[in-house]
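Dropping query-v4.txt in here (compact mmCIF, N, CA and C atoms):
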# COMPACT_ATOMS: atom_id res chain seq x y z
N MET H 22 46.01 -37.33 98.48
CA MET H 22 45.23 -37.15 99.70
C MET H 22 45.59 -38.24 100.70
N LYS H 23 46.35 -37.89 101.64
CA LYS H 23 46.90 -38.81 102.62
C LYS H 23 45.84 -39.60 103.39
N HIS H 24 44.74 -38.95 103.80
CA HIS H 24 43.76 -39.59 104.67
C HIS H 24 42.52 -40.10 103.95
N LYS H 25 42.43 -39.89 102.65
CA LYS H 25 41.21 -40.25 101.93
C LYS H 25 40.91 -41.74 102.07
N LEU H 26 39.68 -42.03 102.40
CA LEU H 26 39.15 -43.38 102.58
C LEU H 26 39.74 -44.13 103.77
N ALA H 27 40.63 -43.51 104.50
CA ALA H 27 41.24 -44.17 105.65
C ALA H 27 40.24 -44.44 106.77
N TYR H 28 39.07 -43.83 106.69
CA TYR H 28 38.09 -43.99 107.77
C TYR H 28 37.70 -45.45 107.97
N LYS H 29 37.72 -46.24 106.92
CA LYS H 29 37.34 -47.66 107.05
C LYS H 29 38.33 -48.45 107.90
N ASN H 30 39.50 -47.91 108.09
CA ASN H 30 40.52 -48.56 108.91
C ASN H 30 40.55 -48.04 110.34
N LEU H 31 39.70 -47.08 110.65
CA LEU H 31 39.71 -46.46 111.97
C LEU H 31 38.84 -47.23 112.96
N THR H 32 39.40 -47.48 114.13
CA THR H 32 38.65 -48.12 115.20
C THR H 32 37.44 -47.28 115.59
N VAL H 33 37.60 -45.96 115.63
CA VAL H 33 36.50 -45.08 116.02
C VAL H 33 35.34 -45.20 115.03
N TRP H 34 35.62 -45.41 113.76
CA TRP H 34 34.56 -45.56 112.77
C TRP H 34 33.81 -46.87 113.03
N ASP H 35 34.55 -47.95 113.26
CA ASP H 35 33.91 -49.24 113.59
C ASP H 35 33.07 -49.13 114.85
N GLU H 36 33.63 -48.50 115.88
CA GLU H 36 32.91 -48.34 117.15
C GLU H 36 31.65 -47.49 116.95
N SER H 37 31.74 -46.49 116.09
CA SER H 37 30.56 -45.63 115.86
C SER H 37 29.47 -46.40 115.13
N LEU H 38 29.85 -47.31 114.23
CA LEU H 38 28.85 -48.17 113.57
C LEU H 38 28.16 -49.07 114.59
N GLU H 39 28.93 -49.59 115.54
CA GLU H 39 28.34 -50.40 116.60
C GLU H 39 27.39 -49.57 117.46
N LEU H 40 27.75 -48.31 117.66
CA LEU H 40 26.89 -47.41 118.43
C LEU H 40 25.57 -47.18 117.70
N VAL H 41 25.62 -47.04 116.39
CA VAL H 41 24.39 -46.90 115.59
C VAL H 41 23.55 -48.17 115.70
N LYS H 42 24.20 -49.30 115.58
CA LYS H 42 23.48 -50.58 115.70
C LYS H 42 22.80 -50.68 117.06
N TYR H 43 23.51 -50.31 118.11
CA TYR H 43 22.94 -50.36 119.45
C TYR H 43 21.77 -49.38 119.57
N THR H 44 21.88 -48.23 118.94
CA THR H 44 20.80 -47.25 118.93
C THR H 44 19.54 -47.85 118.30
N TYR H 45 19.70 -48.54 117.20
CA TYR H 45 18.56 -49.16 116.54
C TYR H 45 17.92 -50.22 117.43
N ILE H 46 18.75 -50.98 118.14
CA ILE H 46 18.22 -52.00 119.06
C ILE H 46 17.41 -51.33 120.17
N LEU H 47 17.98 -50.28 120.77
CA LEU H 47 17.30 -49.60 121.87
C LEU H 47 15.98 -48.96 121.43
N THR H 48 15.95 -48.38 120.26
CA THR H 48 14.73 -47.69 119.81
C THR H 48 13.68 -48.64 119.27
N SER H 49 14.03 -49.89 119.06
CA SER H 49 13.07 -50.85 118.49
C SER H 49 11.89 -51.14 119.42
N VAL H 50 12.06 -50.84 120.70
CA VAL H 50 10.98 -51.10 121.67
C VAL H 50 10.21 -49.83 122.05
N PHE H 51 10.52 -48.72 121.43
CA PHE H 51 9.79 -47.48 121.70
C PHE H 51 8.35 -47.64 121.20
N PRO H 52 7.44 -46.86 121.77
CA PRO H 52 6.04 -46.93 121.32
C PRO H 52 5.91 -46.64 119.82
N GLU H 53 4.96 -47.30 119.22
CA GLU H 53 4.73 -47.17 117.77
C GLU H 53 4.48 -45.71 117.38
N ASP H 54 3.78 -44.97 118.21
CA ASP H 54 3.48 -43.58 117.85
C ASP H 54 4.70 -42.67 117.92
N GLU H 55 5.84 -43.17 118.36
CA GLU H 55 7.09 -42.39 118.38
C GLU H 55 8.00 -42.71 117.19
N LYS H 56 7.58 -43.62 116.33
CA LYS H 56 8.43 -44.04 115.20
C LYS H 56 8.74 -42.89 114.26
N GLU H 57 7.81 -41.97 114.08
CA GLU H 57 8.04 -40.83 113.19
C GLU H 57 8.47 -39.58 113.96
N GLY H 58 8.58 -39.70 115.26
CA GLY H 58 8.97 -38.56 116.08
C GLY H 58 10.34 -38.77 116.68
N LEU H 59 10.34 -39.15 117.93
CA LEU H 59 11.58 -39.31 118.69
C LEU H 59 12.51 -40.35 118.07
N VAL H 60 11.99 -41.47 117.66
CA VAL H 60 12.82 -42.54 117.10
C VAL H 60 13.52 -42.06 115.82
N LYS H 61 12.76 -41.40 114.98
CA LYS H 61 13.33 -40.90 113.72
C LYS H 61 14.47 -39.91 114.00
N THR H 62 14.25 -39.01 114.93
CA THR H 62 15.27 -38.01 115.28
C THR H 62 16.51 -38.69 115.86
N ILE H 63 16.31 -39.64 116.75
CA ILE H 63 17.44 -40.36 117.36
C ILE H 63 18.25 -41.07 116.29
N LYS H 64 17.57 -41.78 115.40
CA LYS H 64 18.28 -42.53 114.34
C LYS H 64 19.01 -41.59 113.40
N GLU H 65 18.40 -40.48 113.04
CA GLU H 65 19.06 -39.51 112.15
C GLU H 65 20.35 -38.99 112.78
N GLN H 66 20.30 -38.69 114.06
CA GLN H 66 21.50 -38.20 114.75
C GLN H 66 22.54 -39.29 114.88
N ALA H 67 22.12 -40.50 115.19
CA ALA H 67 23.07 -41.61 115.34
C ALA H 67 23.83 -41.87 114.04
N ILE H 68 23.15 -41.80 112.93
CA ILE H 68 23.77 -42.05 111.64
C ILE H 68 24.81 -40.97 111.31
N LYS H 69 24.63 -39.78 111.86
CA LYS H 69 25.58 -38.69 111.62
C LYS H 69 26.94 -38.96 112.25
N ILE H 70 26.99 -39.84 113.23
CA ILE H 70 28.25 -40.10 113.93
C ILE H 70 29.28 -40.74 112.98
N PRO H 71 29.02 -41.92 112.43
CA PRO H 71 30.01 -42.47 111.49
C PRO H 71 30.08 -41.68 110.19
N GLY H 72 28.97 -41.07 109.80
CA GLY H 72 28.97 -40.25 108.59
C GLY H 72 29.92 -39.08 108.69
N GLY H 73 29.95 -38.43 109.84
CA GLY H 73 30.86 -37.31 110.06
C GLY H 73 32.31 -37.74 110.01
N ILE H 74 32.58 -38.92 110.54
CA ILE H 74 33.95 -39.44 110.52
C ILE H 74 34.38 -39.70 109.08
N ALA H 75 33.51 -40.32 108.31
CA ALA H 75 33.83 -40.60 106.91
C ALA H 75 34.06 -39.31 106.13
N LYS H 76 33.18 -38.33 106.33
CA LYS H 76 33.34 -37.04 105.63
C LYS H 76 34.64 -36.36 106.03
N ALA H 77 34.96 -36.42 107.31
CA ALA H 77 36.18 -35.78 107.80
C ALA H 77 37.42 -36.33 107.12
N MET H 78 37.41 -37.61 106.85
CA MET H 78 38.59 -38.25 106.27
C MET H 78 38.66 -38.07 104.76
N GLN H 79 37.68 -37.39 104.19
CA GLN H 79 37.67 -37.14 102.75
C GLN H 79 38.31 -35.80 102.39
N THR H 80 38.66 -35.03 103.37
CA THR H 80 39.21 -33.71 103.10
C THR H 80 40.59 -33.55 103.71
N GLU H 81 41.39 -32.74 103.09
CA GLU H 81 42.72 -32.46 103.62
C GLU H 81 42.74 -31.20 104.47
N LYS H 82 41.68 -30.40 104.38
CA LYS H 82 41.62 -29.15 105.15
C LYS H 82 41.29 -29.44 106.60
N ASN H 83 42.18 -29.04 107.49
CA ASN H 83 41.97 -29.28 108.93
C ASN H 83 40.67 -28.66 109.43
N SER H 84 40.34 -27.47 108.93
CA SER H 84 39.13 -26.80 109.42
C SER H 84 37.88 -27.61 109.05
N GLU H 85 37.83 -28.13 107.83
CA GLU H 85 36.68 -28.95 107.41
C GLU H 85 36.67 -30.28 108.14
N ARG H 86 37.84 -30.87 108.30
CA ARG H 86 37.93 -32.16 109.00
C ARG H 86 37.43 -32.00 110.43
N ASN H 87 37.89 -30.96 111.11
CA ASN H 87 37.45 -30.73 112.49
C ASN H 87 35.96 -30.43 112.57
N GLN H 88 35.45 -29.72 111.58
CA GLN H 88 34.02 -29.42 111.56
C GLN H 88 33.20 -30.72 111.50
N HIS H 89 33.59 -31.64 110.64
CA HIS H 89 32.86 -32.91 110.52
C HIS H 89 32.99 -33.75 111.79
N LEU H 90 34.18 -33.77 112.37
CA LEU H 90 34.37 -34.54 113.60
C LEU H 90 33.60 -33.93 114.75
N HIS H 91 33.52 -32.61 114.80
CA HIS H 91 32.71 -31.94 115.83
C HIS H 91 31.22 -32.23 115.62
N GLN H 92 30.80 -32.36 114.38
CA GLN H 92 29.40 -32.71 114.11
C GLN H 92 29.10 -34.12 114.64
N SER H 93 30.08 -35.01 114.52
CA SER H 93 29.90 -36.35 115.09
C SER H 93 29.77 -36.27 116.60
N LEU H 94 30.62 -35.47 117.23
CA LEU H 94 30.53 -35.29 118.69
C LEU H 94 29.20 -34.67 119.10
N ASP H 95 28.75 -33.68 118.34
CA ASP H 95 27.45 -33.05 118.62
C ASP H 95 26.31 -34.06 118.51
N ALA H 96 26.39 -34.94 117.51
CA ALA H 96 25.35 -35.95 117.32
C ALA H 96 25.33 -36.92 118.51
N ILE H 97 26.50 -37.27 119.03
CA ILE H 97 26.57 -38.14 120.21
C ILE H 97 25.84 -37.48 121.38
N LEU H 98 26.13 -36.21 121.60
CA LEU H 98 25.49 -35.49 122.71
C LEU H 98 23.98 -35.40 122.53
N GLU H 99 23.55 -35.21 121.30
CA GLU H 99 22.11 -35.12 121.05
C GLU H 99 21.43 -36.46 121.33
N VAL H 100 22.04 -37.55 120.87
CA VAL H 100 21.43 -38.87 121.13
C VAL H 100 21.40 -39.16 122.63
N GLU H 101 22.49 -38.84 123.32
CA GLU H 101 22.50 -39.03 124.78
C GLU H 101 21.35 -38.26 125.43
N THR H 102 21.16 -37.02 125.00
CA THR H 102 20.08 -36.18 125.55
C THR H 102 18.72 -36.77 125.23
N LEU H 103 18.53 -37.22 124.00
CA LEU H 103 17.24 -37.79 123.60
C LEU H 103 16.96 -39.10 124.33
N PHE H 104 18.00 -39.88 124.59
CA PHE H 104 17.79 -41.11 125.37
C PHE H 104 17.45 -40.78 126.82
N THR H 105 18.02 -39.73 127.36
CA THR H 105 17.65 -39.29 128.71
C THR H 105 16.18 -38.89 128.75
N LEU H 106 15.75 -38.17 127.73
CA LEU H 106 14.34 -37.80 127.61
C LEU H 106 13.47 -39.06 127.49
N ALA H 107 13.90 -40.01 126.67
CA ALA H 107 13.15 -41.25 126.50
C ALA H 107 13.01 -42.00 127.82
N ASN H 108 14.04 -41.95 128.64
CA ASN H 108 13.96 -42.56 129.96
C ASN H 108 12.92 -41.85 130.82
N LYS H 109 12.92 -40.53 130.78
CA LYS H 109 11.94 -39.76 131.57
C LYS H 109 10.51 -40.00 131.09
N LEU H 110 10.37 -40.39 129.81
CA LEU H 110 9.06 -40.71 129.26
C LEU H 110 8.72 -42.19 129.43
N ASP H 111 9.59 -42.92 130.11
CA ASP H 111 9.43 -44.36 130.38
C ASP H 111 9.46 -45.21 129.10
N PHE H 112 10.23 -44.76 128.09
CA PHE H 112 10.39 -45.54 126.87
C PHE H 112 11.58 -46.49 126.98
N MET H 113 12.48 -46.20 127.91
CA MET H 113 13.66 -47.05 128.09
C MET H 113 14.14 -46.93 129.53
N SER H 114 14.92 -47.90 129.96
CA SER H 114 15.38 -47.94 131.35
C SER H 114 16.59 -47.04 131.55
N GLU H 115 16.79 -46.68 132.80
CA GLU H 115 17.96 -45.88 133.16
C GLU H 115 19.24 -46.65 132.89
N SER H 116 19.21 -47.97 133.09
CA SER H 116 20.41 -48.78 132.83
C SER H 116 20.75 -48.81 131.34
N ASP H 117 19.74 -48.78 130.47
CA ASP H 117 20.01 -48.71 129.03
C ASP H 117 20.63 -47.37 128.64
N VAL H 118 20.15 -46.31 129.27
CA VAL H 118 20.73 -44.98 129.03
C VAL H 118 22.19 -44.97 129.48
N LYS H 119 22.44 -45.53 130.65
CA LYS H 119 23.81 -45.58 131.18
C LYS H 119 24.72 -46.40 130.26
N LYS H 120 24.24 -47.53 129.80
CA LYS H 120 25.03 -48.39 128.92
C LYS H 120 25.33 -47.67 127.60
N TYR H 121 24.32 -46.99 127.05
CA TYR H 121 24.55 -46.23 125.82
C TYR H 121 25.58 -45.13 126.06
N THR H 122 25.44 -44.42 127.17
CA THR H 122 26.34 -43.31 127.48
C THR H 122 27.78 -43.80 127.64
N GLU H 123 27.95 -44.96 128.25
CA GLU H 123 29.30 -45.52 128.38
C GLU H 123 29.90 -45.80 127.01
N LYS H 124 29.11 -46.39 126.12
CA LYS H 124 29.58 -46.69 124.76
C LYS H 124 29.85 -45.40 123.98
N SER H 125 28.96 -44.43 124.12
CA SER H 125 29.11 -43.18 123.37
C SER H 125 30.29 -42.36 123.88
N GLN H 126 30.55 -42.42 125.17
CA GLN H 126 31.70 -41.69 125.71
C GLN H 126 33.01 -42.29 125.23
N LYS H 127 33.03 -43.58 125.03
CA LYS H 127 34.23 -44.23 124.47
C LYS H 127 34.48 -43.70 123.06
N VAL H 128 33.42 -43.61 122.26
CA VAL H 128 33.55 -43.07 120.90
C VAL H 128 33.96 -41.60 120.96
N SER H 129 33.39 -40.84 121.88
CA SER H 129 33.76 -39.43 122.04
C SER H 129 35.24 -39.27 122.33
N MET H 130 35.75 -40.09 123.23
CA MET H 130 37.18 -40.02 123.56
C MET H 130 38.04 -40.37 122.36
N GLN H 131 37.60 -41.37 121.60
CA GLN H 131 38.34 -41.75 120.40
C GLN H 131 38.31 -40.62 119.36
N LEU H 132 37.17 -39.96 119.22
CA LEU H 132 37.06 -38.83 118.30
C LEU H 132 37.98 -37.69 118.73
N ASN H 133 38.00 -37.39 120.00
CA ASN H 133 38.89 -36.35 120.50
C ASN H 133 40.34 -36.69 120.24
N GLY H 134 40.69 -37.95 120.44
CA GLY H 134 42.06 -38.40 120.17
C GLY H 134 42.39 -38.27 118.68
N LEU H 135 41.44 -38.61 117.82
CA LEU H 135 41.66 -38.49 116.39
C LEU H 135 41.85 -37.03 115.99
N MET H 136 41.05 -36.14 116.57
CA MET H 136 41.20 -34.71 116.26
C MET H 136 42.58 -34.21 116.69
N GLN H 137 43.04 -34.64 117.84
CA GLN H 137 44.37 -34.23 118.29
C GLN H 137 45.45 -34.77 117.37
N LYS H 138 45.32 -36.01 116.97
CA LYS H 138 46.31 -36.65 116.10
C LYS H 138 46.36 -35.96 114.73
N LEU H 139 45.20 -35.68 114.17
CA LEU H 139 45.14 -35.08 112.84
C LEU H 139 45.49 -33.60 112.86
N GLY H 140 45.35 -32.97 114.02
CA GLY H 140 45.65 -31.55 114.15
C GLY H 140 47.13 -31.25 114.14
N LYS H 141 47.94 -32.27 114.30
CA LYS H 141 49.41 -32.08 114.36
C LYS H 141 50.01 -31.98 112.99
Take the structure in this file and express it as structure tokens.
Amino acid sequence: MKHKLAYKNLTVWDESLELVKYTYILTSVFPEDEKEGLVKTIKEQAIKIPGGIAKAMQTEKNSERNQHLHQSLDAILEVETLFTLANKLDFMSESDVKKYTEKSQKVSMQLNGLMQKLGK
């Protein structure tokens, strides 16, 4: 298996872990009554980002690999959407949403590049 366990050497995997860490920092100031609601959902989706990358690198089948990488991309979009909602609910600032989106878009571009590279 050419790509097995290679995810630990990928910049996108490291960047996605940093994105999860940043997500935890941002959600730490949300209202207490959102800990089992919005915060839980955001964290669950954020964790799927590096998890999808790791799963993708465990398979040799391009279709399964792409499915896992697309799940990571979907999780990024969901967290971005939930942070936009959190901003509208006054749980976080617009600048924090923008900063998260900039970081997440970098990871998205890296994921797209990885999918193109592995698709060849």
d(atom CA of H:Ser37, atom CA of H:Lys109) in Å
25.1 Å
Rounded to one decimal, what separation in Å do you get between atom CA of H:Leu110 and atom C of H:Thr44?
16.8 Å
Enumerate, as a VMD selection string, the complete set of residues in chain H that a backbone-based DSSP assignment places in alpha helix (DSSP H).
chain H and resid 32 to 48 59 to 77 83 to 109 115 to 140
State, in Å with one decimal place, the distance from atom N of H:Val100 to atom N of H:Gln131.
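Going from atom N of H:Val100 over to atom N of H:Gln131, I get 16.0 Å.
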Residue among H:Gln137, H:Ser125, H:Thr32, H:Ser84 lying closest to H:Leu98, counting all atoms listed in the file:
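Among the listed residues, the smallest separation from H:Leu98 belongs to H:Ser125.
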Stretch 57-63 of chain H: which residues within 10 Å, counting only C-alpha atoms, same-chain residues fewer than 5 positions away excluded, as a VMD selection string?
chain H and resid 41 44 to 45 47 to 52 68 96 to 97 99 to 104 106 to 107
Give me the residues within 8 Å of H:Lys124 as JSON, numbers by chain, counting all atoms listed in the file and dropping any in the same chain fewer than 6 places off.
{"H": [36, 40, 118, 130]}
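The nearest approach to H:Ala77 among the residues H:Leu94, H:Tyr28, H:Asp54, H:Glu115, with all atoms listed in the file taken into account, belongs to H:Tyr28.
Nearest residue to H:Tyr43 among H:Glu55, H:Glu85, H:Glu123, H:Asp95 is H:Glu123, counting only C-alpha atoms.
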Pick from H:Ser116, H:Asn30, H:Ser93, H:Ser129 nearest to H:Gly73, counting all atoms listed in the file
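The closest residue to H:Gly73 is H:Ser93.
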Taking only C-alpha atoms into account, name the residue in H:Gly134, H:Val128, H:Met113, H:Gln92 that is nearest to H:Asp35.
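Comparing H:Gly134, H:Val128, H:Met113, H:Gln92 against H:Asp35, the winner is H:Val128.
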Could you give me the centre and size, in Å to one decimal, of an axis-aligned box around all listed atoms of stretch 79-83 of chain H with 8 Å added on every side, as JSON?
{"center_x": 40.2, "center_y": -33.0, "center_z": 105.9, "size_x": 21.1, "size_y": 24.7, "size_z": 23.0}
